[in-house]
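*Asks:* Got a structure for you, my_file_21.txt, holding compact mmCIF, C-alpha atoms.
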# COMPACT_ATOMS: atom_id res chain seq x y z
CA MET C 24 0.00 0.00 0.00
CA ALA C 25 1.16 3.54 -0.74
CA LYS C 26 -0.18 6.74 0.75
CA TYR C 27 -1.02 9.76 -1.38
CA LEU C 28 -2.31 13.22 -0.59
CA MET C 29 -4.92 14.70 -2.91
CA LEU C 30 -4.85 18.48 -2.59
CA LYS C 31 -7.85 20.51 -3.73
CA HIS C 32 -7.04 24.06 -4.78
CA TYR C 33 -9.24 27.15 -5.05
CA ARG C 34 -9.14 27.22 -8.84
CA GLY C 35 -11.14 25.72 -11.62
CA HIS C 36 -10.13 23.75 -14.65
CA PRO C 37 -8.66 26.16 -17.27
CA ASP C 38 -11.03 24.80 -19.93
CA TYR C 39 -14.08 25.23 -17.71
CA ILE C 40 -15.18 28.50 -19.31
CA ASP C 41 -18.18 28.93 -17.03
CA PHE C 42 -16.19 28.39 -13.82
CA VAL C 43 -18.06 29.94 -10.92
CA PRO C 44 -16.28 30.10 -7.54
CA MET C 45 -17.90 28.24 -4.66
CA ASP C 46 -18.81 31.47 -2.86
CA LYS C 47 -21.22 32.15 -5.76
CA TRP C 48 -22.94 28.73 -5.60
CA THR C 49 -26.40 28.26 -4.13
CA PRO C 50 -26.73 26.49 -0.78
CA ALA C 51 -28.15 23.47 -2.62
CA GLU C 52 -25.11 23.35 -4.95
CA ILE C 53 -22.74 23.50 -1.97
CA ASP C 54 -24.72 20.76 -0.21
CA ALA C 55 -24.56 18.54 -3.33
CA HIS C 56 -20.79 19.11 -3.59
CA MET C 57 -20.22 18.30 0.07
CA GLN C 58 -22.47 15.22 -0.15
CA TYR C 59 -20.42 13.96 -3.11
CA MET C 60 -17.23 14.44 -1.08
CA ASN C 61 -18.70 12.65 1.95
CA ASP C 62 -20.05 9.76 -0.16
CA PHE C 63 -16.65 9.44 -1.86
CA ALA C 64 -14.88 9.27 1.53
CA ASP C 65 -17.41 6.72 2.81
CA ARG C 66 -16.75 4.44 -0.18
CA LEU C 67 -13.02 4.66 0.51
CA ARG C 68 -13.60 3.85 4.18
CA GLU C 69 -15.42 0.68 3.08
CA THR C 70 -12.45 -0.39 0.89
CA GLY C 71 -9.86 0.56 3.52
CA GLU C 72 -8.32 3.22 1.25
CA PHE C 73 -9.37 6.29 3.27
CA VAL C 74 -6.84 7.78 5.68
CA ASP C 75 -8.12 11.29 6.51
CA ALA C 76 -9.60 14.44 4.94
CA GLN C 77 -10.22 18.06 5.84
CA ALA C 78 -11.69 21.13 4.18
CA LEU C 79 -9.75 24.35 4.74
CA SER C 80 -10.79 27.98 4.97
CA PRO C 81 -9.55 30.33 2.24
CA ASP C 82 -8.14 32.55 5.00
CA GLY C 83 -4.46 32.02 5.72
CA VAL C 84 -0.98 33.47 5.76
CA PHE C 85 2.54 32.30 5.04
CA VAL C 86 4.75 32.42 8.15
CA ARG C 87 8.52 32.22 8.57
CA ALA C 88 11.03 32.83 11.34
CA ASP C 89 12.87 36.16 11.29
CA GLY C 90 15.65 35.28 13.68
CA ALA C 91 15.98 34.62 17.39
CA GLY C 92 13.99 36.99 19.57
CA ARG C 93 12.15 38.56 16.63
CA PRO C 94 8.45 38.09 15.85
CA PRO C 95 7.54 35.80 12.96
CA VAL C 96 7.19 37.33 9.51
CA THR C 97 3.86 36.86 7.75
CA ASP C 98 2.71 37.39 4.20
CA GLY C 99 -1.02 37.53 3.47
CA PRO C 100 -3.94 37.33 3.53
CA PHE C 101 -3.98 36.49 -0.13
CA PRO C 102 -6.32 38.21 -2.57
CA GLU C 103 -5.47 35.66 -5.29
CA THR C 104 -6.60 32.21 -4.24
CA LYS C 105 -5.40 30.01 -7.10
CA ASP C 106 -2.53 28.65 -5.04
CA LEU C 107 -4.41 28.23 -1.77
CA ILE C 108 -5.46 24.75 -0.76
CA ALA C 109 -9.22 24.28 -0.30
CA GLY C 110 -8.85 20.91 1.36
CA TRP C 111 -7.13 17.58 1.22
CA MET C 112 -7.74 13.87 1.38
CA ALA C 113 -5.14 11.25 2.26
CA ILE C 114 -5.56 7.81 0.72
CA ASP C 115 -3.72 4.51 1.08
CA VAL C 116 -3.92 2.53 -2.16
CA GLU C 117 -2.32 -0.43 -3.89
CA SER C 118 -0.86 1.52 -6.81
CA TYR C 119 -0.19 4.84 -8.46
CA ASP C 120 -2.81 3.97 -11.09
CA ARG C 121 -5.43 3.55 -8.36
CA ALA C 122 -4.43 6.92 -6.87
CA LEU C 123 -4.88 8.53 -10.31
CA GLU C 124 -8.28 6.86 -10.72
CA LEU C 125 -9.49 8.17 -7.35
CA ALA C 126 -8.13 11.69 -7.95
CA ALA C 127 -9.96 11.84 -11.30
CA GLU C 128 -13.19 10.72 -9.62
CA LEU C 129 -12.83 13.33 -6.90
CA SER C 130 -12.12 15.99 -9.53
CA ALA C 131 -15.57 15.41 -11.02
CA ALA C 132 -17.49 16.54 -7.92
CA PRO C 133 -20.56 18.59 -8.82
CA GLY C 134 -20.39 22.36 -8.69
CA TYR C 135 -22.33 25.27 -10.13
CA GLN C 136 -25.64 24.12 -11.65
CA GLY C 137 -24.73 20.54 -10.70
CA LYS C 138 -22.10 20.25 -13.44
CA PRO C 139 -18.86 18.34 -12.69
CA ILE C 140 -16.20 20.92 -11.87
CA ASN C 141 -13.34 18.81 -13.23
CA GLU C 142 -11.00 20.71 -10.95
CA TRP C 143 -7.26 20.25 -10.89
CA LEU C 144 -6.16 18.12 -7.95
CA GLU C 145 -2.57 17.86 -6.87
CA LEU C 146 -1.64 14.23 -6.20
CA ARG C 147 1.47 13.75 -4.08
CA PRO C 148 2.91 10.55 -2.63
CA PHE C 149 3.92 10.51 1.00
CA LEU C 150 7.68 10.42 1.42
CA ASP C 151 8.65 6.95 2.54
CA ASN C 152 10.94 7.68 5.46
CA THR C 153 11.16 4.27 7.02
CA PRO C 154 14.62 3.65 8.49
CA GLY C 155 17.08 2.51 5.86
CA SER C 156 14.82 3.16 2.84
CA ASP C 157 16.88 6.16 1.68
CA GLY C 158 19.67 6.39 4.18
CA TRP C 159 17.44 7.99 6.83
CA GLU C 160 18.19 6.52 10.22
CA GLY C 161 15.66 8.53 12.33
Will you turn the file into structure tokens for me?
*Replies:*
Amino acid sequence: MAKYLMLKHYRGHPDYIDFVPMDKWTPAEIDAHMQYMNDFADRLRETGEFVDAQALSPDGVFVRADGAGRPPVTDGPFPETKDLIAGWMAIDVESYDRALELAAELSAAPGYQGKPINEWLELRPFLDNTPGSDGWEG
């Protein structure tokens, strides 16, 4: 089994000409989208492929240290949301092909007017840091 993180971003598919951001959807459209996400997670729980998931607020800042004894440096909030993460789901699957299949299915969640949003999802494998796998001796 291999773990992957599917990251949902606040941006639509570039070919989705009628892309309407979620804050413009009706309550029923939001409910349908969230139900799709919950049903998807439930199916993965049944197969043992679900690890965890969380939706995230669009509010956020980047933070970094600015040296000992100095307050942290922040950058944000961000008016452009294309690079902000809307949420994530961690999965544990048999293969990369299965991870791709699930990411494509999640991408087709319904959105404005019930149409599949076909959003871009970022699919990233977890770094395998078991002792000895890459020289790491944690």
*Asks:* Env of Val116 of chain C: 9 Å cut, atoms = all atoms listed in the file, seq-sep filter 3 positions within chain, self excluded. Answer as a count of residues only.
*Replies:* 10
*Asks:* For atom CA of Val74 of chain C and atom CA of Tyr135 of chain C, determine how far apart the two atoms are, in Å to one decimal place.
*Replies:*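 Going from atom CA of Val74 of chain C over to atom CA of Tyr135 of chain C, I get 28.2 Å.
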*Asks:* If I take atom CA of Gly110 of chain C and atom CA of Glu128 of chain C, how far is one from the other in Å, to one decimal?
*Replies:*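 We find that atom CA of Gly110 of chain C and atom CA of Glu128 of chain C lie 15.6 Å from each other.
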*Asks:* For Ser130 of chain C, work out the shell of residues within 7 Å, counting all atoms listed in the file and skipping chain neighbours fewer than 3 positions away, then give it as a ChimeraX atom specification.
*Replies:* /C:126-127,140-144
*Asks:* Taking into account all atoms listed in the file, which residue in the set C:Asp75, C:Leu125, C:Asp65, C:Lys31 is nearest to Glu145 of chain C?
*Replies:* C:Lys31
*Asks:* Select, from C:Pro81, C:Pro139, C:Gly134, C:Pro148, the residue with the minimum atom-to-atom distance to Lys47 of chain C, counting only C-alpha atoms.
*Replies:*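 Nearest to Lys47 of chain C: C:Gly134.
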*Asks:* From the list C:Ala78, C:Ala55, C:Leu146, C:Ala88, which residue is nearest Asp120 of chain C when using only C-alpha atoms?
*Replies:*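 The shortest atom-to-atom distance to Asp120 of chain C comes from C:Leu146.
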*Asks:* List the spatial neighbours of Ala76 of chain C as a PyMOL selection string - criterion: any atom at most 12 Å away, only C-alpha atoms, same-chain residues fewer than 5 positions off excluded.
*Replies:* chain C and resi 27-31+60-61+63-65+67-68+109-114
*Asks:* Looking at C:Gly92, C:His32, C:Val43, C:Met57, which one is nearest to Ser80 of chain C, with distances taken over only C-alpha atoms?
*Replies:*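 Closest candidate: C:His32.
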*Asks:* Between atom CA of Gly137 of chain C and atom CA of Tyr59 of chain C, what is the distance in Å, rounded to a tenth?
*Replies:*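 Separating atom CA of Gly137 of chain C from atom CA of Tyr59 of chain C is a distance of 10.9 Å.
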